[in-house]
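Asker: What follows is the file input.cif, containing mmCIF, C-alpha atoms and all ligand atoms:
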```cif
data_query
loop_
_atom_site.label_atom_id
_atom_site.label_comp_id
_atom_site.auth_asym_id
_atom_site.auth_seq_id
_atom_site.Cartn_x
_atom_site.Cartn_y
_atom_site.Cartn_z
CA MET A 1 -46.30 63.72 87.87
CA ILE A 2 -49.15 65.04 89.97
CA ILE A 3 -52.82 64.18 89.58
CA LEU A 4 -55.45 66.18 91.45
CA LYS A 5 -59.02 64.93 91.22
CA ASP A 6 -62.11 66.90 92.15
CA LEU A 7 -60.65 68.84 95.09
CA ARG A 8 -63.23 70.62 97.21
CA LYS A 9 -62.71 72.90 100.18
CA THR A 10 -65.46 74.95 101.77
CA TYR A 11 -65.01 77.51 104.53
CA SER A 12 -67.98 78.54 106.62
CA LEU A 13 -67.79 82.09 107.90
CA GLY A 14 -70.69 83.73 109.70
CA GLY A 15 -73.19 81.23 108.33
CA GLU A 16 -72.01 81.75 104.76
CA ASP A 17 -70.20 79.03 102.79
CA VAL A 18 -67.20 80.01 100.68
CA HIS A 19 -66.23 77.37 98.14
CA ALA A 20 -62.49 78.10 98.05
CA LEU A 21 -61.99 75.01 95.85
CA ASP A 22 -65.07 73.88 93.98
CA GLY A 23 -64.05 70.73 92.12
CA ILE A 24 -60.47 71.20 90.86
CA SER A 25 -59.01 68.45 88.68
CA LEU A 26 -55.54 68.99 87.25
CA THR A 27 -52.71 66.83 85.96
CA VAL A 28 -49.18 68.21 85.81
CA TYR A 29 -46.56 66.14 84.01
CA ASP A 30 -42.89 66.04 84.88
CA HIS A 31 -40.88 68.90 83.32
CA GLU A 32 -43.90 71.17 82.84
CA PHE A 33 -43.86 74.86 83.77
CA VAL A 34 -47.43 75.73 84.75
CA ALA A 35 -48.79 79.08 85.87
CA ILE A 36 -51.96 79.06 87.94
CA VAL A 37 -53.48 82.47 87.48
CA GLY A 38 -56.56 84.10 88.95
CA ALA A 39 -57.90 87.14 90.77
CA SER A 40 -57.58 87.72 94.51
CA GLY A 41 -59.79 85.26 96.40
CA SER A 42 -60.08 82.82 93.47
CA GLY A 43 -58.52 80.00 95.50
CA LYS A 44 -54.88 80.08 94.36
CA SER A 45 -53.25 79.87 97.77
CA THR A 46 -55.75 77.26 98.95
CA LEU A 47 -54.79 75.15 95.92
CA MET A 48 -51.07 75.78 96.47
CA ASN A 49 -51.42 74.57 100.08
CA MET A 50 -52.98 71.34 98.83
CA ILE A 51 -50.33 70.80 96.15
CA GLY A 52 -47.63 71.57 98.71
CA CYS A 53 -49.10 68.99 101.11
CA LEU A 54 -49.63 71.71 103.73
CA ASP A 55 -53.41 71.29 103.89
CA THR A 56 -56.05 68.72 103.00
CA PRO A 57 -59.37 69.26 101.21
CA ASP A 58 -62.87 68.21 102.29
CA GLU A 59 -63.05 65.92 99.27
CA GLY A 60 -60.86 64.80 96.41
CA SER A 61 -57.64 62.91 95.78
CA TYR A 62 -54.01 63.77 95.10
CA ILE A 63 -51.42 61.41 93.67
CA ILE A 64 -47.79 62.56 93.46
CA ASP A 65 -45.38 60.23 91.66
CA GLY A 66 -47.77 57.35 92.29
CA GLU A 67 -48.22 58.04 96.03
CA ASP A 68 -51.63 58.82 97.53
CA VAL A 69 -51.00 62.03 99.47
CA PHE A 70 -54.22 62.37 101.44
CA SER A 71 -53.90 58.93 103.00
CA MET A 72 -50.47 59.71 104.50
CA SER A 73 -49.71 60.38 108.16
CA GLU A 74 -48.34 63.78 109.26
CA LYS A 75 -44.89 62.25 109.49
CA GLN A 76 -45.04 60.78 105.99
CA LEU A 77 -46.28 64.14 104.68
CA ALA A 78 -43.37 65.97 106.29
CA ILE A 79 -40.94 63.55 104.63
CA LEU A 80 -42.68 63.96 101.27
CA ARG A 81 -42.52 67.77 101.53
CA ASN A 82 -38.84 67.67 102.46
CA ARG A 83 -37.83 65.31 99.70
CA LYS A 84 -40.06 66.28 96.80
CA ILE A 85 -41.17 69.88 97.05
CA GLY A 86 -39.20 73.10 96.97
CA PHE A 87 -41.18 76.16 98.11
CA ILE A 88 -40.68 79.74 97.01
CA PHE A 89 -42.89 82.37 98.69
CA GLN A 90 -43.78 86.00 98.07
CA GLN A 91 -42.13 87.06 101.36
CA PHE A 92 -38.88 85.12 100.64
CA ASN A 93 -39.09 83.60 104.19
CA LEU A 94 -35.33 83.76 104.78
CA LEU A 95 -33.98 83.67 108.33
CA PRO A 96 -32.62 87.20 108.96
CA LYS A 97 -29.73 86.27 111.25
CA MET A 98 -28.35 83.66 108.88
CA THR A 99 -26.22 84.25 105.80
CA ALA A 100 -27.32 83.22 102.32
CA TRP A 101 -25.12 80.14 102.72
CA GLU A 102 -26.72 79.15 106.03
CA ASN A 103 -30.25 79.75 104.76
CA VAL A 104 -29.67 77.43 101.81
CA GLU A 105 -27.99 74.84 104.02
CA LEU A 106 -30.81 74.62 106.59
CA PRO A 107 -33.21 72.27 104.73
CA LEU A 108 -30.24 70.04 103.90
CA ILE A 109 -29.52 69.68 107.62
CA TYR A 110 -33.18 68.64 108.07
CA GLN A 111 -32.68 66.12 105.27
CA GLY A 112 -29.79 64.67 107.26
CA LEU A 113 -27.15 65.15 104.57
CA PRO A 114 -23.49 64.99 105.62
CA ALA A 115 -21.53 68.25 105.80
CA ALA A 116 -19.43 67.68 102.67
CA GLU A 117 -22.53 66.99 100.56
CA ARG A 118 -24.27 70.05 102.06
CA LYS A 119 -21.32 72.26 101.16
CA ARG A 120 -21.29 70.97 97.60
CA ARG A 121 -25.05 71.51 97.17
CA VAL A 122 -25.13 74.97 98.77
CA GLU A 123 -22.28 76.24 96.60
CA GLU A 124 -23.79 74.73 93.46
CA ALA A 125 -27.26 76.18 94.16
CA LEU A 126 -25.98 79.68 94.97
CA ALA A 127 -23.79 79.65 91.87
CA ARG A 128 -26.75 78.55 89.79
CA VAL A 129 -28.80 81.60 90.83
CA GLY A 130 -25.85 83.91 90.23
CA LEU A 131 -24.98 84.58 93.87
CA ALA A 132 -21.61 82.89 94.23
CA GLY A 133 -20.22 86.28 95.24
CA ARG A 134 -22.83 86.92 97.96
CA MET A 135 -22.74 83.67 99.92
CA HIS A 136 -21.85 85.25 103.24
CA HIS A 137 -24.28 88.18 103.09
CA ARG A 138 -27.31 88.29 105.37
CA PRO A 139 -30.76 88.97 103.86
CA SER A 140 -30.64 92.63 105.04
CA GLN A 141 -27.44 93.07 103.01
CA LEU A 142 -29.12 91.85 99.81
CA SER A 143 -31.64 93.44 97.44
CA GLY A 144 -35.17 92.01 97.20
CA GLY A 145 -34.35 90.27 93.93
CA GLN A 146 -31.18 88.78 95.43
CA GLN A 147 -33.10 87.60 98.50
CA GLN A 148 -35.60 85.84 96.27
CA ARG A 149 -32.71 84.23 94.39
CA VAL A 150 -31.41 82.89 97.73
CA ALA A 151 -34.91 81.47 98.31
CA VAL A 152 -34.80 79.83 94.88
CA ALA A 153 -31.36 78.38 95.70
CA ARG A 154 -32.69 77.08 99.02
CA ALA A 155 -35.54 75.33 97.17
CA LEU A 156 -33.19 73.93 94.50
CA ALA A 157 -30.55 72.61 96.87
CA THR A 158 -32.88 69.87 98.12
CA LYS A 159 -33.25 68.65 94.51
CA PRO A 160 -37.05 68.62 94.64
CA SER A 161 -39.10 66.93 91.94
CA LEU A 162 -41.45 69.93 92.07
CA LEU A 163 -40.79 73.65 92.56
CA LEU A 164 -43.83 75.43 93.94
CA ALA A 165 -43.84 79.23 93.86
CA ASP A 166 -46.68 81.37 95.31
CA GLU A 167 -46.46 84.93 93.92
CA PRO A 168 -42.63 84.80 93.85
CA THR A 169 -42.48 88.17 92.12
CA GLY A 170 -45.23 89.82 94.19
CA ASN A 171 -42.78 91.91 96.22
CA LEU A 172 -40.30 92.66 93.44
CA ASP A 173 -39.79 95.57 91.06
CA SER A 174 -40.01 94.95 87.32
CA LYS A 175 -36.25 94.40 86.85
CA SER A 176 -36.06 91.80 89.65
CA THR A 177 -39.31 90.21 88.43
CA GLY A 178 -37.64 89.78 85.04
CA ASP A 179 -34.56 88.24 86.69
CA ILE A 180 -36.60 85.74 88.70
CA MET A 181 -38.75 84.78 85.71
CA ALA A 182 -35.62 84.31 83.58
CA LEU A 183 -34.21 82.08 86.31
CA LEU A 184 -37.41 80.01 86.53
CA LYS A 185 -37.44 79.62 82.74
CA GLU A 186 -33.81 78.51 82.81
CA LEU A 187 -34.57 75.96 85.57
CA HIS A 188 -37.49 74.68 83.52
CA GLY A 189 -35.17 74.36 80.54
CA GLN A 190 -32.87 72.23 82.70
CA GLY A 191 -35.71 69.80 83.41
CA ASN A 192 -37.34 71.09 86.60
CA THR A 193 -41.11 70.87 87.08
CA ILE A 194 -42.47 74.24 88.18
CA ILE A 195 -45.88 75.38 89.37
CA LEU A 196 -46.13 79.14 89.69
CA ILE A 197 -49.06 80.91 91.30
CA THR A 198 -49.74 84.49 90.29
CA HIS A 199 -52.48 87.08 89.79
CA ASP A 200 -50.33 88.76 87.10
CA ASP A 201 -51.13 87.81 83.50
CA ASP A 202 -47.76 89.12 82.24
CA VAL A 203 -45.95 86.79 84.64
CA ALA A 204 -48.28 83.87 83.82
CA ARG A 205 -47.68 84.27 80.09
CA GLN A 206 -44.01 83.46 80.59
CA ALA A 207 -44.82 79.94 81.75
CA GLN A 208 -45.31 77.10 79.27
CA ARG A 209 -48.91 76.45 80.30
CA GLN A 210 -51.54 78.69 81.87
CA VAL A 211 -54.35 77.41 84.09
CA ARG A 212 -56.91 80.05 85.05
CA ILE A 213 -58.99 79.70 88.19
CA MET A 214 -62.06 81.65 89.18
CA ASP A 215 -64.22 81.07 92.27
CA GLY A 216 -62.41 77.82 93.03
CA ARG A 217 -62.84 76.33 89.55
CA ILE A 218 -60.59 75.92 86.54
CA VAL A 219 -62.11 78.04 83.80
CA ALA A 220 -59.30 77.78 81.20
CA ASP A 221 -56.26 75.58 80.61
CA SER A 222 -53.90 76.18 77.68
CA GLY A 223 -53.03 72.47 77.62
CA ASP A 224 -50.79 70.00 79.38
CA GLY A 225 -47.33 68.79 78.44
CA PHE A 226 -48.54 65.62 76.79
CA THR A 227 -51.01 67.27 74.44
CA LYS A 228 -48.54 70.07 73.70
CA ALA A 229 -45.74 67.64 72.90
CA ALA A 230 -48.11 65.68 70.69
CA ALA A 231 -49.17 68.84 68.90
CA ALA A 232 -45.55 69.95 68.41
CA GLY A 233 -44.62 66.49 67.11
CA SER A 234 -47.29 66.76 64.42
CA GLY A 235 -45.41 69.62 62.79
CA SER A 236 -48.01 72.21 63.75
CA GLY A 237 -45.26 74.28 65.39
CA ASP A 238 -46.38 76.28 68.39
CA VAL A 239 -49.94 76.60 67.13
CA PHE A 240 -52.02 74.82 69.73
CA PRO A 241 -55.04 72.97 68.26
CA GLU A 242 -58.27 74.79 69.06
CA THR A 243 -60.41 71.75 69.71
CA ALA A 244 -60.02 68.12 70.70
CA GLU A 245 -61.12 67.23 67.14
CA ASP A 246 -58.27 69.30 65.64
CA LEU A 247 -55.90 67.53 67.98
CA ARG A 248 -57.17 64.08 67.00
CA GLN A 249 -56.75 64.96 63.33
CA SER A 250 -53.24 66.30 63.76
CA VAL A 251 -51.77 63.56 65.93
CA ASP A 252 -52.24 59.90 66.54
CA LEU A 253 -53.47 59.70 70.12
CA SER A 254 -54.30 55.98 69.97
CA ASP A 255 -52.44 53.62 72.28
CA GLU A 256 -50.36 52.55 69.29
CA GLY A 257 -49.32 56.15 68.74
CA ARG A 258 -48.40 56.68 72.38
CA ARG A 259 -46.15 53.69 72.49
CA THR A 260 -43.99 54.78 69.59
N1 LIG B 1 -59.04 80.02 106.68
C1 LIG B 1 -60.04 80.54 105.96
N2 LIG B 1 -61.26 80.78 106.52
C2 LIG B 1 -62.28 81.27 105.80
N3 LIG B 1 -62.21 81.58 104.49
C3 LIG B 1 -61.03 81.38 103.87
C4 LIG B 1 -59.89 80.87 104.57
N4 LIG B 1 -58.85 80.77 103.69
C5 LIG B 1 -59.32 81.22 102.51
N5 LIG B 1 -60.63 81.59 102.60
C6 LIG B 1 -61.49 82.09 101.51
O1 LIG B 1 -61.31 81.23 100.40
C7 LIG B 1 -61.25 81.97 99.19
C8 LIG B 1 -59.95 81.65 98.46
O2 LIG B 1 -58.83 82.16 99.20
P1 LIG B 1 -57.32 82.07 98.69
O3 LIG B 1 -56.45 82.56 99.78
O4 LIG B 1 -57.07 80.71 98.19
O5 LIG B 1 -57.34 83.11 97.47
P2 LIG B 1 -56.13 83.60 96.53
O6 LIG B 1 -56.54 83.31 95.13
O7 LIG B 1 -54.85 83.05 96.99
O8 LIG B 1 -56.16 85.18 96.74
P3 LIG B 1 -54.92 86.25 96.78
O9 LIG B 1 -54.55 86.51 95.35
O10 LIG B 1 -55.57 87.46 97.40
O11 LIG B 1 -53.81 85.69 97.59
C9 LIG B 1 -61.39 83.44 99.57
O12 LIG B 1 -62.72 83.82 99.36
C10 LIG B 1 -61.04 83.47 101.03
O13 LIG B 1 -61.71 84.49 101.69
MG MG B 2 -53.04 83.92 97.79
#
```
Starting from the coordinates I provided, produce the structure as structure tokens.
Ligand SMILES: Nc1ncnc2c1ncn2[C@@H]1O[C@H](COP(=O)(O)OP(=O)(O)OP(=O)(O)O)[C@@H](O)[C@H]1O
Ligand SMILES: [Mg+2]
Answerer:
Amino acid sequence: MIILKDLRKTYSLGGEDVHALDGISLTVYDHEFVAIVGASGSGKSTLMNMIGCLDTPDEGSYIIDGEDVFSMSEKQLAILRNRKIGFIFQQFNLLPKMTAWENVELPLIYQGLPAAERKRRVEEALARVGLAGRMHHRPSQLSGGQQQRVAVARALATKPSLLLADEPTGNLDSKSTGDIMALLKELHGQGNTIILITHDDDVARQAQRQVRIMDGRIVADSGDGFTKAAAAGSGSGDVFPETAEDLRQSVDLSDEGRRT
């Protein structure tokens, strides 16, 4: 579970302040599939860099699985990134001289896993994204959609508790976009936690929860996993309660109710 509280990041350019993050608070529960959607310049990548432990804000706090991220040393952060977070980028970021197999294996070498375990994980991850037959191809011998599937396999092989994807379909045609979204939905169905960043509403709609950001602030949130599960449990189907009052009436949110 990740808890972001009041993240702020201001850039000063030519005497003008840009509030890239202007007080972002967000909780993401395990097994959620969240899309963070917003226009160009709204702060999506800045937020992704914070969630991915690649950057720190001017103010705010970040707890991941009970650990306080912003009080960690560079070394502790590197370990956290390696163990917990799988990254998928718009540009795939595969190494061109390495085969699909070698690209997926690389982070496992950094993790210090023995060769037999690496082999097992690489083969499992590539099979899972439907590329068992392309293991020894280099990126230039694969289509864009296939390259992104290698990148997904590389992220999965480390068994991260969080998959973080920044515009993963930004460089793909509509068919490959559909393939990658189907894959992400399948991974979510198998229990992975996914945060997807996109400017594309059609892509965002395919996630379970949509969080909209504008000028560094959250302006809409379709609801987190806990409130959704509570709403579903009340028999209201997939109709999400409009107001907190509706929610209170439809489910027991008291401590008693939570414990049962
Ligand atoms: N290093 C930087 N120096 C100055 N300003 C920056 C820097 N990085 C980001 N910004 C500004 O912060 C704001 C948010 O940028 P960010 O990259 O997070 O947007 P984004 O939502 O990812 O946009 P896009 O969809 O175009 O990728 C923008 O106004 C941008 O110009
Ligand atoms: Mg961006």
Asker: Enumerate residues in contact with ligand LIG 1 (chain B): an atom-to-atom distance of at most 12 Å, counting all atoms listed in the file. Format the result as a PyMOL selection string.
Answerer: chain A and resi 8-22+36-50+55+57+89-90+166-168+170+197-200+212-217
Asker: Could you tell me how far CA of Ile195 (chain A) lies from CA of Glu67 (chain A), in Å and to one decimal?
Answerer: 18.7 Å
Asker: As a list in words, please: the residues near His188 (chain A) (cut-off 10 Å, all atoms listed in the file, same-chain neighbours under 2 positions excluded).
Answerer: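 The neighbour list is His31, Glu32, Phe33, Leu163, Ala182, Leu183, Leu184, Lys185, Glu186, Gln190, Gly191, Asn192, Thr193, Ile194, Ala207 and Gln208 of chain A.
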Asker: Nearest to Leu106 (chain A): which of A:Met72, A:Ala151, A:Leu172, A:Ile180 is it, counting all atoms listed in the file?
Answerer: A:Ala151
Asker: When you draw a straight line from CA of Phe87 (chain A) to CA of Ala35 (chain A), how long is it in Å?
Answerer: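 For CA of Phe87 (chain A) relative to CA of Ala35 (chain A), the distance reads 14.7 Å.
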Asker: Quick one: pull the distance between CA of Arg120 (chain A) and CA of Gln148 (chain A), Å, one decimal.
Answerer: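 About the pair CA of Arg120 (chain A) and CA of Gln148 (chain A): they are 20.7 Å apart.
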Asker: From the set A:Gln111, A:Gln91, A:Ile64, A:Gln206, which residue has the shortest atom-to-atom contact distance to ligand MG 2 (chain B), counting only C-alpha atoms and all ligand atoms?
Answerer: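 That would be A:Gln91, the residue with the smallest distance to ligand MG 2 (chain B).
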Asker: Taking all atoms of region 53-64 of chain A that the file lists, what box with edges along x, y and z, padded by 4 Å per side, do you get, with centre and edge lengths in Å to one decimal, as AutoDock Vina command-line options?
Answerer:
```
--center_x -55.4 --center_y 66.6 --center_z 98.7 --size_x 23.3 --size_y 18.3 --size_z 18.4
```
Asker: Excluding Lys159 (chain A) and its own-chain neighbours fewer than 3 positions away, which residues fall within 12 Å of it when counting all atoms listed in the file? Please give them as a PyMOL selection string.
Answerer: chain A and resi 81-87+104+107-108+111+118+121-122+124-125+152-156+162-163+187+191-193
Asker: Filtering to C-alpha atoms, could you give me those residues as a PDB file, in the coordinates of the input?
Answerer:
```pdb
ATOM      1  CA  ARG A  81     -42.520  67.770 101.530  1.00  0.00           C
ATOM      2  CA  ASN A  82     -38.840  67.670 102.460  1.00  0.00           C
ATOM      3  CA  ARG A  83     -37.830  65.310  99.700  1.00  0.00           C
ATOM      4  CA  LYS A  84     -40.060  66.280  96.800  1.00  0.00           C
ATOM      5  CA  ILE A  85     -41.170  69.880  97.050  1.00  0.00           C
ATOM      6  CA  GLY A  86     -39.200  73.100  96.970  1.00  0.00           C
ATOM      7  CA  PHE A  87     -41.180  76.160  98.110  1.00  0.00           C
ATOM      8  CA  VAL A 104     -29.670  77.430 101.810  1.00  0.00           C
ATOM      9  CA  PRO A 107     -33.210  72.270 104.730  1.00  0.00           C
ATOM     10  CA  LEU A 108     -30.240  70.040 103.900  1.00  0.00           C
ATOM     11  CA  GLN A 111     -32.680  66.120 105.270  1.00  0.00           C
ATOM     12  CA  ARG A 118     -24.270  70.050 102.060  1.00  0.00           C
ATOM     13  CA  ARG A 121     -25.050  71.510  97.170  1.00  0.00           C
ATOM     14  CA  VAL A 122     -25.130  74.970  98.770  1.00  0.00           C
ATOM     15  CA  GLU A 124     -23.790  74.730  93.460  1.00  0.00           C
ATOM     16  CA  ALA A 125     -27.260  76.180  94.160  1.00  0.00           C
ATOM     17  CA  VAL A 152     -34.800  79.830  94.880  1.00  0.00           C
ATOM     18  CA  ALA A 153     -31.360  78.380  95.700  1.00  0.00           C
ATOM     19  CA  ARG A 154     -32.690  77.080  99.020  1.00  0.00           C
ATOM     20  CA  ALA A 155     -35.540  75.330  97.170  1.00  0.00           C
ATOM     21  CA  LEU A 156     -33.190  73.930  94.500  1.00  0.00           C
ATOM     22  CA  LEU A 162     -41.450  69.930  92.070  1.00  0.00           C
ATOM     23  CA  LEU A 163     -40.790  73.650  92.560  1.00  0.00           C
ATOM     24  CA  LEU A 187     -34.570  75.960  85.570  1.00  0.00           C
ATOM     25  CA  GLY A 191     -35.710  69.800  83.410  1.00  0.00           C
ATOM     26  CA  ASN A 192     -37.340  71.090  86.600  1.00  0.00           C
ATOM     27  CA  THR A 193     -41.110  70.870  87.080  1.00  0.00           C
TER      28      THR A 193
END
```
Asker: For ligand MG 2 (chain B), which residue among A:Val150, A:Ala165, A:Glu74, A:Glu59 is the nearest when counting all atoms listed in the file?
Answerer: A:Ala165
Asker: Of the residues A:Ser174, A:Asp30, A:Leu196, A:Ile63, which is the one nearest to ligand MG 2 (chain B), using all atoms listed in the file?
Answerer: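 For ligand MG 2 (chain B), the nearest of the given residues is A:Leu196.
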